[in-house]
Amino acid sequence: MALATVASRALAGIEAPAVTVEVHLGPGLPAFHIVGMPDAEVREAKDRVRAALNHAQFDFPSRRITVNLSPADLPKDSARFDLPIALGILAASGQLKSAAFAGLEFAGELSLTGELRPVRGALAMALGAGRSGHNFVLPAANAEQAALATGVAVLPANSLLEVCAHLAGSAALVEYRHVPAQAAPAYADFRDVKGQAAAKRALEVAAAGGHSLLLLGPPGTGKSMLAARFAGILAPMSQEEALESASIQSASNAGFDAAQWGVRPLRAPHHTASRVALVGGGSPPRPGEISLAHHGVLFMDELPEFGRSALEALREPLESGVISLARGTRQARFPARFQLVAAMNPCPCGFLGHASGRCRCTPDAIARYRARISGPLADRIDIKIEAPAPREAELLAAAEGEASGAIRARVCAARERQLERQGMPNALLGTQEIEAHCAIDAQAEDLVRTAIARLSLSARAFHRVLRLARSIADLASLERIGAAQVAEAIQYRRLDAAL
Ligand SMILES: [Zn+2]
């Protein structure tokens with residue numbers, strides 16, 4: 001038989017669409033063509049496959065070899081198709097039986113000596129193979145990650161020879177089974193933070209309902225210290241969230257560390273980070289920091305110092321939980337449902353209102369600085385809170401703050417109430433769900449409307465205030481939202497007028 005097909009998968013964003021590798025051996029002068037792969041990568045793939053087959057003492061057929069990767073319009077980066085191409089050549093030339101490939105998918109880069117090297121996106125590929133009812137043969141170094149997928153047998157191999165032995169029936173590959181324990185996250189504890197009671201309360205409300213938050217205050221007031229502890233009070237990830245988060249990490253350059261299974265990611269990009277690094281992009285498109293923070297926390301210190309286009313790009317994911325990236329004709333969408341925790345100074349020098357009186361910033365300079373946070377972006381940040389310079393008494397107080405564990409217990413209870421009532425955190429409630437679950441009386445509604453007018457908030461701020469009030473009520477185990485919860489929610493929008 002001079003034709004063989006082998007099942008594999010490409011990586012497009014965080015999806016792994018099926019790819020069929022067809023190998024045809026025809027008459028004519030010996031040649032080796034690969035169709036459907038970027039030219040630059042064809043030569044290297046041919047060299048690796050040829051060398052690996054020779055090294056393993058297989059026959060490299062002296063015929064006209066044509067390899068076709070279909071469909072043609074998928075991104076086919078990297079060397080993941082080395083293994084399926086090599087197997088296709090062996091089957092087409094009669095050195096392996098095609099029937100042995102049934103129900104299996106393959107991916108892996110080959111070294112010149114036929115060792116299998118890991119590929120990106122193993123988890124996404126394993127999930128895809130499982131959905132197709134196939135089992136998945138891949139490099140041993142990818143096994144731990146791929147085995148996080150359920151409904152698929154992951155068969156790790158160290159070399160081309162091991163795969164061939166399995167297919168020939170002489171030595172079966174052993175399925176990799178591993179149920180990872182949820183790792184214990186090692187975040188710093190709120191116990192170390194003295195004072196800042198208002199900011200801590202705001203962080204607790206944000207954690208309970210999944211709201212985004214901005215801390216405004218001079219340098220040295222512990223804004224970063226507060227933010228670094230935020231991930232430690234969040235409710236645990238669901239299995240589904242853990243899998244989605246791991247899939248994205250797995251498609252990134254850094255890859256997924258299985259030891260981080262179930263830990264909410266905390267990403268803290270520097271303000272000099274490029275737009276692509278922050279929101280994703282490139283060719284092929286890779287997830288950026290906002291997607292790596294999916295189901296976790298994105299901490300942006302010195303928010304106004306980030307590039308304008310980077311900041312504006314945050315609006316879509318803050319609203320919808322996804323980011324759409326276009327490059328040429330290619331579109332990619334990555335999940336990006338992160339909780340934004342941002343921090344900024346009150347003025348360019350940072351010391352506006354500080355007791356030292358050292359701020360010399362002009363009103364113009366202050367206005368320009370704050371205007372870098374556009375209205376639509378500020379609108380999407382539910383909580384804004386000042387972290388003032390601590391008073392001397394606070395610094396000297398020996399008392400420790402409340403431990404993260406105690407705060408987390410309240411957050412988890414509040415989150416449970418939300419999931420039981422509406423199946424999602426309050427921050428994700430749509431307009432109709434808000435009507436159903438965030439009802440307030442006429443007096444409280446007046447309070448909100450007046451505040452919106454006074455603070456020049458947008459129309460959508462009404463719903464945002466209600467969602468926030470719902471979270472405050474959930475922390476207090478209240479069935480109905482009362483005036484006190486509405487008033488607290490409005491307090492968190494007070495700084496909007498200053499932005
Ligand atoms: Zn200043």
# chains A, B, ... in the order shown; residues from 1 in each chain; ligands from 1
call {"tool": "residues_around", "arguments": {"residues": "range 486-495 of chain A", "least_positions_apart": "5", "cutoff": "6 Å", "atoms": "only C-alpha atoms", "output": "PyMOL selection string"}}
result
chain A and resi 383-384+465+468-469
call {"tool": "write_last_selection", "arguments": {"atoms": "all heavy atoms", "output": "mmCIF file, in the first residue's frame"}}
result
data_model
loop_
_atom_site.group_PDB
_atom_site.id
_atom_site.type_symbol
_atom_site.label_atom_id
_atom_site.label_comp_id
_atom_site.auth_asym_id
_atom_site.auth_seq_id
_atom_site.Cartn_x
_atom_site.Cartn_y
_atom_site.Cartn_z
ATOM 1 N N ILE A 383 -14.840 48.620 41.925
ATOM 2 C CA ILE A 383 -14.431 49.103 43.241
ATOM 3 C C ILE A 383 -13.196 49.979 43.104
ATOM 4 O O ILE A 383 -12.196 49.565 42.509
ATOM 5 C CB ILE A 383 -14.096 47.915 44.174
ATOM 6 C CG1 ILE A 383 -15.321 47.012 44.345
ATOM 7 C CG2 ILE A 383 -13.608 48.415 45.524
ATOM 8 C CD1 ILE A 383 -15.090 45.816 45.250
ATOM 9 N N LYS A 384 -13.286 51.197 43.644
ATOM 10 C CA LYS A 384 -12.109 52.064 43.692
ATOM 11 C C LYS A 384 -11.959 52.509 45.124
ATOM 12 O O LYS A 384 -12.915 52.951 45.744
ATOM 13 C CB LYS A 384 -12.278 53.250 42.746
ATOM 14 C CG LYS A 384 -12.442 52.764 41.319
ATOM 15 C CD LYS A 384 -12.750 53.863 40.351
ATOM 16 C CE LYS A 384 -13.166 53.279 39.016
ATOM 17 N NZ LYS A 384 -14.552 52.736 39.046
ATOM 18 N N VAL A 465 -23.410 48.843 40.294
ATOM 19 C CA VAL A 465 -23.607 49.106 41.726
ATOM 20 C C VAL A 465 -24.479 48.007 42.346
ATOM 21 O O VAL A 465 -24.216 47.537 43.447
ATOM 22 C CB VAL A 465 -24.233 50.508 41.938
ATOM 23 C CG1 VAL A 465 -24.702 50.679 43.375
ATOM 24 C CG2 VAL A 465 -23.221 51.595 41.578
ATOM 25 N N LEU A 468 -22.545 44.799 42.892
ATOM 26 C CA LEU A 468 -21.628 44.969 44.019
ATOM 27 C C LEU A 468 -22.396 44.902 45.345
ATOM 28 O O LEU A 468 -21.956 44.245 46.298
ATOM 29 C CB LEU A 468 -20.936 46.317 43.857
ATOM 30 C CG LEU A 468 -19.688 46.587 44.659
ATOM 31 C CD1 LEU A 468 -18.670 45.484 44.465
ATOM 32 C CD2 LEU A 468 -19.081 47.931 44.241
ATOM 33 N N ALA A 469 -23.554 45.565 45.394
ATOM 34 C CA ALA A 469 -24.374 45.535 46.606
ATOM 35 C C ALA A 469 -24.812 44.098 46.914
ATOM 36 O O ALA A 469 -24.886 43.695 48.073
ATOM 37 C CB ALA A 469 -25.599 46.435 46.433
#
call {"tool": "residues_near_ligand", "arguments": {"ligand": "ligand 1", "cutoff": "7 Å", "atoms": "only C-alpha atoms and all ligand atoms", "output": "list in words"}}
result
Cys347, Pro348, Cys349, Gly350, Phe351, Leu352, Cys359, Arg360 and Cys361 of chain A
call {"tool": "write_last_selection", "arguments": {"atoms": "N, CA and C atoms", "output": "PDB file, in the first residue's frame"}}
result
ATOM      1  N   CYS A 347      -1.079  61.115  41.819  1.00  0.00           N
ATOM      2  CA  CYS A 347      -0.567  62.137  40.904  1.00  0.00           C
ATOM      3  C   CYS A 347       0.755  61.628  40.335  1.00  0.00           C
ATOM      4  N   PRO A 348       1.323  62.316  39.340  1.00  0.00           N
ATOM      5  CA  PRO A 348       2.563  61.800  38.731  1.00  0.00           C
ATOM      6  C   PRO A 348       3.679  61.551  39.744  1.00  0.00           C
ATOM      7  N   CYS A 349       3.850  62.438  40.718  1.00  0.00           N
ATOM      8  CA  CYS A 349       4.946  62.226  41.665  1.00  0.00           C
ATOM      9  C   CYS A 349       4.538  61.253  42.763  1.00  0.00           C
ATOM     10  N   GLY A 350       3.238  61.116  42.978  1.00  0.00           N
ATOM     11  CA  GLY A 350       2.754  60.130  43.938  1.00  0.00           C
ATOM     12  C   GLY A 350       2.396  60.685  45.296  1.00  0.00           C
ATOM     13  N   PHE A 351       2.792  61.947  45.582  1.00  0.00           N
ATOM     14  CA  PHE A 351       2.644  62.433  46.954  1.00  0.00           C
ATOM     15  C   PHE A 351       1.540  63.458  47.151  1.00  0.00           C
ATOM     16  N   LEU A 352       0.599  63.514  46.210  1.00  0.00           N
ATOM     17  CA  LEU A 352      -0.526  64.440  46.365  1.00  0.00           C
ATOM     18  C   LEU A 352      -1.255  64.156  47.679  1.00  0.00           C
ATOM     19  N   CYS A 359       4.506  67.254  47.161  1.00  0.00           N
ATOM     20  CA  CYS A 359       3.950  67.196  45.804  1.00  0.00           C
ATOM     21  C   CYS A 359       3.941  68.582  45.183  1.00  0.00           C
ATOM     22  N   ARG A 360       4.553  68.707  43.979  1.00  0.00           N
ATOM     23  CA  ARG A 360       4.551  69.971  43.249  1.00  0.00           C
ATOM     24  C   ARG A 360       3.807  69.833  41.927  1.00  0.00           C
ATOM     25  N   CYS A 361       3.030  68.761  41.768  1.00  0.00           N
ATOM     26  CA  CYS A 361       2.351  68.527  40.491  1.00  0.00           C
ATOM     27  C   CYS A 361       1.286  69.596  40.261  1.00  0.00           C
TER      28      CYS A 361
END
call {"tool": "select_by_dssp", "arguments": {"residues": "range 327-489 of chain A", "states": "alpha helix (DSSP H)", "output": "count of residues only"}}
result
80
call {"tool": "atom_distance", "arguments": {"atom1": "CA of Ile233 in chain A", "atom2": "CA of Ser404 in chain A"}}
result
5.8 Å
call {"tool": "closest_residue", "arguments": {"among": "A:Gly232, A:Gly375, A:Gln95, A:Phe136", "to": "Gln57 in chain A", "atoms": "only C-alpha atoms"}}
result
A:Gln95
call {"tool": "select_by_dssp", "arguments": {"residues": "range 339-405 of chain A", "states": "strand (DSSP E or B)", "output": "MDAnalysis selection string"}}
result
chainID A and resid 339:344 383:386
call {"tool": "residues_around", "arguments": {"residues": "Gly130 in chain A", "least_positions_apart": "6", "cutoff": "10 Å", "atoms": "only C-alpha atoms", "output": "list in words"}}
result
Glu105, Ala124, Phe136, Ala149, Thr150, Gly151, Val152, Ala153 and Val154 of chain A
call {"tool": "write_last_selection", "arguments": {"atoms": "N, CA and C atoms", "output": "JSON list (two decimals), in the first residue's frame"}}
result
[["chain", "number", "residue", "atom", "x", "y", "z"],
["A", 105, "GLU", "N", -4.24, 8.95, 18.03],
["A", 105, "GLU", "CA", -3.71, 10.19, 17.47],
["A", 105, "GLU", "C", -2.28, 10.34, 17.97],
["A", 124, "ALA", "N", -4.54, 20.64, 25.46],
["A", 124, "ALA", "CA", -5.59, 20.92, 24.49],
["A", 124, "ALA", "C", -5.72, 19.77, 23.49],
["A", 136, "PHE", "N", -4.23, 8.87, 22.75],
["A", 136, "PHE", "CA", -3.26, 9.87, 22.31],
["A", 136, "PHE", "C", -1.83, 9.42, 22.65],
["A", 149, "ALA", "N", -6.56, 15.77, 31.17],
["A", 149, "ALA", "CA", -7.79, 15.61, 30.39],
["A", 149, "ALA", "C", -8.45, 14.28, 30.76],
["A", 150, "THR", "N", -9.78, 14.29, 30.82],
["A", 150, "THR", "CA", -10.47, 13.05, 31.14],
["A", 150, "THR", "C", -11.04, 12.45, 29.85],
["A", 151, "GLY", "N", -11.32, 11.16, 29.86],
["A", 151, "GLY", "CA", -11.94, 10.51, 28.71],
["A", 151, "GLY", "C", -10.98, 10.20, 27.59],
["A", 152, "VAL", "N", -9.68, 10.16, 27.89],
["A", 152, "VAL", "CA", -8.69, 9.83, 26.88],
["A", 152, "VAL", "C", -7.56, 9.06, 27.55],
["A", 153, "ALA", "N", -7.11, 7.98, 26.88],
["A", 153, "ALA", "CA", -5.95, 7.28, 27.41],
["A", 153, "ALA", "C", -4.70, 7.95, 26.83],
["A", 154, "VAL", "N", -3.83, 8.41, 27.71],
["A", 154, "VAL", "CA", -2.59, 9.06, 27.30],
["A", 154, "VAL", "C", -1.48, 8.02, 27.30]]
